[in-house]
>>> print(open('query_3.cif').read())   # mmCIF, N, CA, C and O atoms
data_data
loop_
_atom_site.label_atom_id
_atom_site.label_comp_id
_atom_site.auth_asym_id
_atom_site.auth_seq_id
_atom_site.Cartn_x
_atom_site.Cartn_y
_atom_site.Cartn_z
N MET I 5 -3.55 34.00 10.35
CA MET I 5 -4.10 34.50 9.11
C MET I 5 -4.77 33.38 8.31
O MET I 5 -5.84 33.58 7.76
N CYS I 6 -4.14 32.23 8.27
CA CYS I 6 -4.69 31.12 7.50
C CYS I 6 -6.06 30.68 8.02
O CYS I 6 -6.98 30.49 7.21
N PRO I 7 -6.26 30.52 9.33
CA PRO I 7 -7.59 30.13 9.79
C PRO I 7 -8.68 31.16 9.49
O PRO I 7 -9.80 30.80 9.12
N VAL I 8 -8.34 32.44 9.59
CA VAL I 8 -9.33 33.48 9.31
C VAL I 8 -9.69 33.50 7.83
O VAL I 8 -10.87 33.56 7.47
N MET I 9 -8.70 33.43 6.96
CA MET I 9 -8.98 33.43 5.54
C MET I 9 -9.71 32.15 5.12
O MET I 9 -10.55 32.18 4.22
N SER I 10 -9.40 31.05 5.77
CA SER I 10 -10.12 29.80 5.48
C SER I 10 -11.58 29.90 5.91
O SER I 10 -12.46 29.37 5.24
N LEU I 11 -11.83 30.58 7.02
CA LEU I 11 -13.21 30.79 7.46
C LEU I 11 -13.97 31.66 6.46
O LEU I 11 -15.12 31.35 6.10
N ILE I 12 -13.33 32.71 5.98
CA ILE I 12 -13.97 33.56 4.98
C ILE I 12 -14.27 32.78 3.71
O ILE I 12 -15.36 32.88 3.13
N ALA I 13 -13.31 31.97 3.25
CA ALA I 13 -13.53 31.15 2.06
C ALA I 13 -14.63 30.13 2.27
O ALA I 13 -15.43 29.87 1.36
N THR I 14 -14.69 29.57 3.47
CA THR I 14 -15.74 28.60 3.78
C THR I 14 -17.12 29.24 3.71
O THR I 14 -18.05 28.69 3.12
N VAL I 15 -17.24 30.41 4.30
CA VAL I 15 -18.54 31.09 4.32
C VAL I 15 -18.94 31.56 2.92
O VAL I 15 -20.10 31.40 2.51
N LEU I 16 -17.98 32.10 2.17
CA LEU I 16 -18.33 32.69 0.88
C LEU I 16 -18.47 31.68 -0.25
O LEU I 16 -19.30 31.86 -1.14
N PHE I 17 -17.63 30.64 -0.25
CA PHE I 17 -17.54 29.79 -1.44
C PHE I 17 -17.95 28.33 -1.25
O PHE I 17 -18.23 27.66 -2.23
N LYS I 18 -17.94 27.83 -0.04
CA LYS I 18 -18.15 26.40 0.16
C LYS I 18 -19.61 26.00 0.33
O LYS I 18 -19.94 24.83 0.22
N ASN I 19 -20.49 26.92 0.66
CA ASN I 19 -21.90 26.61 0.92
C ASN I 19 -22.03 25.45 1.89
O ASN I 19 -22.68 24.44 1.62
N ALA I 20 -21.40 25.60 3.05
CA ALA I 20 -21.30 24.51 4.02
C ALA I 20 -22.63 24.22 4.73
O ALA I 20 -22.87 23.09 5.14
N GLY I 21 -23.45 25.21 4.92
CA GLY I 21 -24.72 24.98 5.61
C GLY I 21 -24.50 24.67 7.08
O GLY I 21 -23.84 25.41 7.79
N SER I 22 -25.05 23.53 7.54
CA SER I 22 -24.92 23.17 8.95
C SER I 22 -23.57 22.55 9.28
O SER I 22 -23.24 22.40 10.45
N ASN I 23 -22.78 22.19 8.30
CA ASN I 23 -21.46 21.60 8.52
C ASN I 23 -20.34 22.62 8.43
O ASN I 23 -19.24 22.31 8.01
N ILE I 24 -20.61 23.85 8.85
CA ILE I 24 -19.64 24.92 8.65
C ILE I 24 -18.35 24.69 9.44
O ILE I 24 -17.25 24.96 8.93
N ILE I 25 -18.44 24.16 10.64
CA ILE I 25 -17.24 23.94 11.46
C ILE I 25 -16.35 22.87 10.84
O ILE I 25 -15.13 23.07 10.70
N SER I 26 -16.93 21.77 10.46
CA SER I 26 -16.11 20.69 9.87
C SER I 26 -15.54 21.10 8.52
O SER I 26 -14.40 20.78 8.19
N THR I 27 -16.32 21.83 7.73
CA THR I 27 -15.82 22.32 6.44
C THR I 27 -14.70 23.33 6.64
O THR I 27 -13.71 23.33 5.91
N TRP I 28 -14.83 24.18 7.67
CA TRP I 28 -13.78 25.16 7.98
C TRP I 28 -12.49 24.45 8.41
O TRP I 28 -11.40 24.82 7.97
N PHE I 29 -12.59 23.43 9.25
CA PHE I 29 -11.40 22.66 9.65
C PHE I 29 -10.74 22.00 8.44
O PHE I 29 -9.52 22.00 8.30
N GLN I 30 -11.53 21.45 7.57
CA GLN I 30 -10.98 20.80 6.38
C GLN I 30 -10.30 21.83 5.48
O GLN I 30 -9.19 21.59 4.98
N THR I 31 -10.92 22.97 5.27
CA THR I 31 -10.32 24.01 4.44
C THR I 31 -9.03 24.53 5.05
O THR I 31 -8.03 24.72 4.34
N THR I 32 -9.01 24.73 6.36
CA THR I 32 -7.79 25.18 7.04
C THR I 32 -6.69 24.13 6.92
O THR I 32 -5.52 24.47 6.67
N PHE I 33 -7.05 22.88 7.07
CA PHE I 33 -6.08 21.79 6.96
C PHE I 33 -5.44 21.75 5.58
O PHE I 33 -4.23 21.55 5.45
N PHE I 34 -6.22 21.98 4.55
CA PHE I 34 -5.68 21.97 3.18
C PHE I 34 -4.89 23.23 2.86
O PHE I 34 -3.94 23.19 2.08
N ASN I 35 -5.28 24.36 3.41
CA ASN I 35 -4.62 25.63 3.09
C ASN I 35 -3.35 25.88 3.88
O ASN I 35 -2.47 26.60 3.42
N PHE I 36 -3.23 25.32 5.08
CA PHE I 36 -2.11 25.64 5.95
C PHE I 36 -0.75 25.31 5.34
O PHE I 36 0.16 26.15 5.40
N PRO I 37 -0.52 24.13 4.77
CA PRO I 37 0.81 23.86 4.21
C PRO I 37 1.21 24.83 3.10
O PRO I 37 2.36 25.27 3.05
N VAL I 38 0.28 25.18 2.25
CA VAL I 38 0.59 26.13 1.18
C VAL I 38 0.92 27.50 1.76
O VAL I 38 1.90 28.14 1.36
N ALA I 39 0.12 27.97 2.71
CA ALA I 39 0.37 29.27 3.33
C ALA I 39 1.70 29.28 4.08
O ALA I 39 2.44 30.28 4.03
N PHE I 40 2.02 28.21 4.75
CA PHE I 40 3.27 28.13 5.52
C PHE I 40 4.49 28.22 4.60
O PHE I 40 5.39 29.04 4.83
N PHE I 41 4.51 27.40 3.56
CA PHE I 41 5.67 27.42 2.68
C PHE I 41 5.74 28.70 1.85
O PHE I 41 6.83 29.17 1.52
N TRP I 42 4.62 29.29 1.50
CA TRP I 42 4.61 30.57 0.80
C TRP I 42 5.28 31.63 1.68
O TRP I 42 6.11 32.40 1.21
N GLN I 43 4.94 31.65 2.97
CA GLN I 43 5.51 32.63 3.88
C GLN I 43 7.00 32.37 4.13
O GLN I 43 7.80 33.30 4.13
N MET I 44 7.38 31.13 4.33
CA MET I 44 8.76 30.82 4.70
C MET I 44 9.74 30.98 3.55
O MET I 44 10.88 31.40 3.76
N PHE I 45 9.35 30.63 2.35
CA PHE I 45 10.31 30.57 1.26
C PHE I 45 10.14 31.63 0.17
O PHE I 45 11.02 31.79 -0.67
N TYR I 46 9.03 32.35 0.15
CA TYR I 46 8.87 33.35 -0.90
C TYR I 46 8.57 34.74 -0.33
O TYR I 46 9.35 35.67 -0.49
N CYS I 47 7.45 34.87 0.33
CA CYS I 47 7.00 36.18 0.77
C CYS I 47 7.88 36.76 1.87
O CYS I 47 8.26 37.94 1.81
N GLY I 48 8.21 35.98 2.86
CA GLY I 48 9.03 36.47 3.97
C GLY I 48 10.40 36.97 3.52
O GLY I 48 10.78 38.10 3.84
N PRO I 49 11.18 36.16 2.80
CA PRO I 49 12.48 36.64 2.33
C PRO I 49 12.38 37.85 1.40
O PRO I 49 13.22 38.76 1.46
N CYS I 50 11.38 37.88 0.55
CA CYS I 50 11.21 39.01 -0.36
C CYS I 50 10.94 40.31 0.41
O CYS I 50 11.57 41.34 0.14
N ILE I 51 10.06 40.26 1.37
CA ILE I 51 9.74 41.45 2.17
C ILE I 51 10.93 41.86 3.03
O ILE I 51 11.22 43.06 3.17
N ARG I 52 11.65 40.90 3.61
CA ARG I 52 12.84 41.25 4.39
C ARG I 52 13.89 41.93 3.51
O ARG I 52 14.55 42.88 3.95
N PHE I 53 14.06 41.46 2.28
CA PHE I 53 15.00 42.08 1.35
C PHE I 53 14.58 43.51 1.03
O PHE I 53 15.40 44.44 1.07
N ILE I 54 13.30 43.71 0.71
CA ILE I 54 12.82 45.04 0.35
C ILE I 54 12.96 46.01 1.52
O ILE I 54 13.48 47.11 1.37
N PHE I 55 12.54 45.60 2.71
CA PHE I 55 12.64 46.48 3.86
C PHE I 55 14.09 46.69 4.29
O PHE I 55 14.45 47.74 4.78
N GLY I 56 14.93 45.70 4.07
CA GLY I 56 16.35 45.86 4.35
C GLY I 56 16.98 46.91 3.46
O GLY I 56 17.82 47.70 3.90
N LYS I 57 16.59 46.94 2.19
CA LYS I 57 17.10 47.95 1.26
C LYS I 57 16.51 49.33 1.57
O LYS I 57 17.20 50.34 1.44
N MET I 58 15.28 49.38 1.99
CA MET I 58 14.64 50.67 2.26
C MET I 58 15.18 51.34 3.51
O MET I 58 15.34 52.56 3.55
N PHE I 59 15.47 50.57 4.55
CA PHE I 59 15.80 51.14 5.84
C PHE I 59 17.24 50.86 6.29
O PHE I 59 17.57 51.11 7.43
N SER I 60 18.10 50.38 5.42
CA SER I 60 19.45 50.03 5.84
C SER I 60 20.28 51.27 6.16
O SER I 60 21.07 51.26 7.09
N ASN I 61 20.12 52.38 5.45
CA ASN I 61 20.90 53.58 5.69
C ASN I 61 20.59 54.20 7.04
O ASN I 61 21.47 54.68 7.73
N LYS I 62 19.35 54.19 7.44
CA LYS I 62 18.96 54.75 8.73
C LYS I 62 19.55 53.94 9.88
O LYS I 62 20.02 54.50 10.86
N GLU I 63 19.56 52.63 9.75
CA GLU I 63 20.12 51.79 10.80
C GLU I 63 21.63 52.00 10.91
O GLU I 63 22.18 52.08 12.00
N ASN I 64 22.32 52.13 9.79
CA ASN I 64 23.76 52.36 9.81
C ASN I 64 24.09 53.71 10.41
O ASN I 64 25.05 53.87 11.15
N ALA I 65 23.31 54.74 10.11
CA ALA I 65 23.54 56.07 10.65
C ALA I 65 23.35 56.08 12.16
O ALA I 65 24.13 56.70 12.89
N VAL I 66 22.33 55.39 12.64
CA VAL I 66 22.09 55.32 14.09
C VAL I 66 23.22 54.56 14.76
O VAL I 66 23.72 54.98 15.81
N ALA I 67 23.69 53.48 14.17
CA ALA I 67 24.78 52.72 14.75
C ALA I 67 26.06 53.53 14.79
O ALA I 67 26.83 53.47 15.77
N LYS I 68 26.35 54.33 13.79
CA LYS I 68 27.55 55.17 13.78
C LYS I 68 27.48 56.24 14.84
O LYS I 68 28.48 56.56 15.49
N ASN I 69 26.30 56.84 15.06
CA ASN I 69 26.15 57.87 16.09
C ASN I 69 26.34 57.29 17.48
O ASN I 69 26.90 57.93 18.36
N VAL I 70 25.89 56.09 17.71
CA VAL I 70 26.03 55.46 19.01
C VAL I 70 27.49 55.15 19.30
O VAL I 70 27.97 55.36 20.41
N VAL I 71 28.22 54.71 18.31
CA VAL I 71 29.62 54.34 18.49
C VAL I 71 30.48 55.58 18.73
O VAL I 71 31.38 55.58 19.56
N THR I 72 30.22 56.67 18.03
CA THR I 72 31.06 57.86 18.14
C THR I 72 30.78 58.67 19.40
O THR I 72 31.60 59.44 19.82
N GLU I 73 29.62 58.53 19.99
CA GLU I 73 29.29 59.32 21.18
C GLU I 73 29.88 58.77 22.41
O GLU I 73 30.38 57.97 22.85
#
>>> encode(input="query_3.cif", output="structure tokens")
Amino acid sequence: MCPVMSLIATVLFKNAGSNIISTWFQTTFFNFPVAFFWQMFYCGPCIRFIFGKMFSNKENAVAKNVVTE
């Protein structure tokens, strides 16, 4: 995701011209650490918590049916 979004940002905002590849690599290099830590420490745990709360009852019901059968 980070390389694709960096490419879009390079094309739309950087006005790279003939240096589009090198500008894209530089943009990806600068964006990757922020995207990585955002995913690992904020977005990932938040989404896992939300989906865990949304679908926890269905998983427990399926597990109980498997055990009793």
>>> residues_around(input="query_3.cif", residues="segment 32-38 of chain I", least_positions_apart="6", cutoff="7 Å", atoms="all atoms listed in the file", output="PyMOL selection string")
chain I and resi 6-7+10-11+26+44
>>> write_last_selection(input="query_3.cif", atoms="N, CA, C and O atoms", output="compact mmCIF listing (two decimals), in the frame of the given file")
# COMPACT_ATOMS: atom_id res chain seq x y z
N CYS I 6 -4.14 32.23 8.27
CA CYS I 6 -4.69 31.12 7.50
C CYS I 6 -6.06 30.68 8.02
O CYS I 6 -6.98 30.49 7.21
N PRO I 7 -6.26 30.52 9.33
CA PRO I 7 -7.59 30.13 9.79
C PRO I 7 -8.68 31.16 9.49
O PRO I 7 -9.80 30.80 9.12
N SER I 10 -9.40 31.05 5.77
CA SER I 10 -10.12 29.80 5.48
C SER I 10 -11.58 29.90 5.91
O SER I 10 -12.46 29.37 5.24
N LEU I 11 -11.83 30.58 7.02
CA LEU I 11 -13.21 30.79 7.46
C LEU I 11 -13.97 31.66 6.46
O LEU I 11 -15.12 31.35 6.10
N SER I 26 -16.93 21.77 10.46
CA SER I 26 -16.11 20.69 9.87
C SER I 26 -15.54 21.10 8.52
O SER I 26 -14.40 20.78 8.19
N MET I 44 7.38 31.13 4.33
CA MET I 44 8.76 30.82 4.70
C MET I 44 9.74 30.98 3.55
O MET I 44 10.88 31.40 3.76
>>> atom_distance(input="query_3.cif", atom1="atom O of Cys47 of chain I", atom2="atom O of Ile24 of chain I")
29.5 Å
>>> atom_distance(input="query_3.cif", atom1="atom N of Cys50 of chain I", atom2="atom O of Phe29 of chain I")
27.4 Å
>>> axis_aligned_box(input="query_3.cif", around="segment 49-60 of chain I", padding_each_side="6 Å", output="lines of an AutoDock Vina configuration file")
center_x = 15.4
center_y = 44.4
center_z = 3.5
size_x = 23.3
size_y = 28.4
size_z = 19.8
>>> select_by_dssp(input="query_3.cif", residues="chain I", states="alpha helix (DSSP H)", output="PyMOL selection string")
chain I and resi 6-13+24-42+48-72
>>> atom_distance(input="query_3.cif", atom1="atom O of Val8 of chain I", atom2="atom N of Ile51 of chain I")
22.8 Å
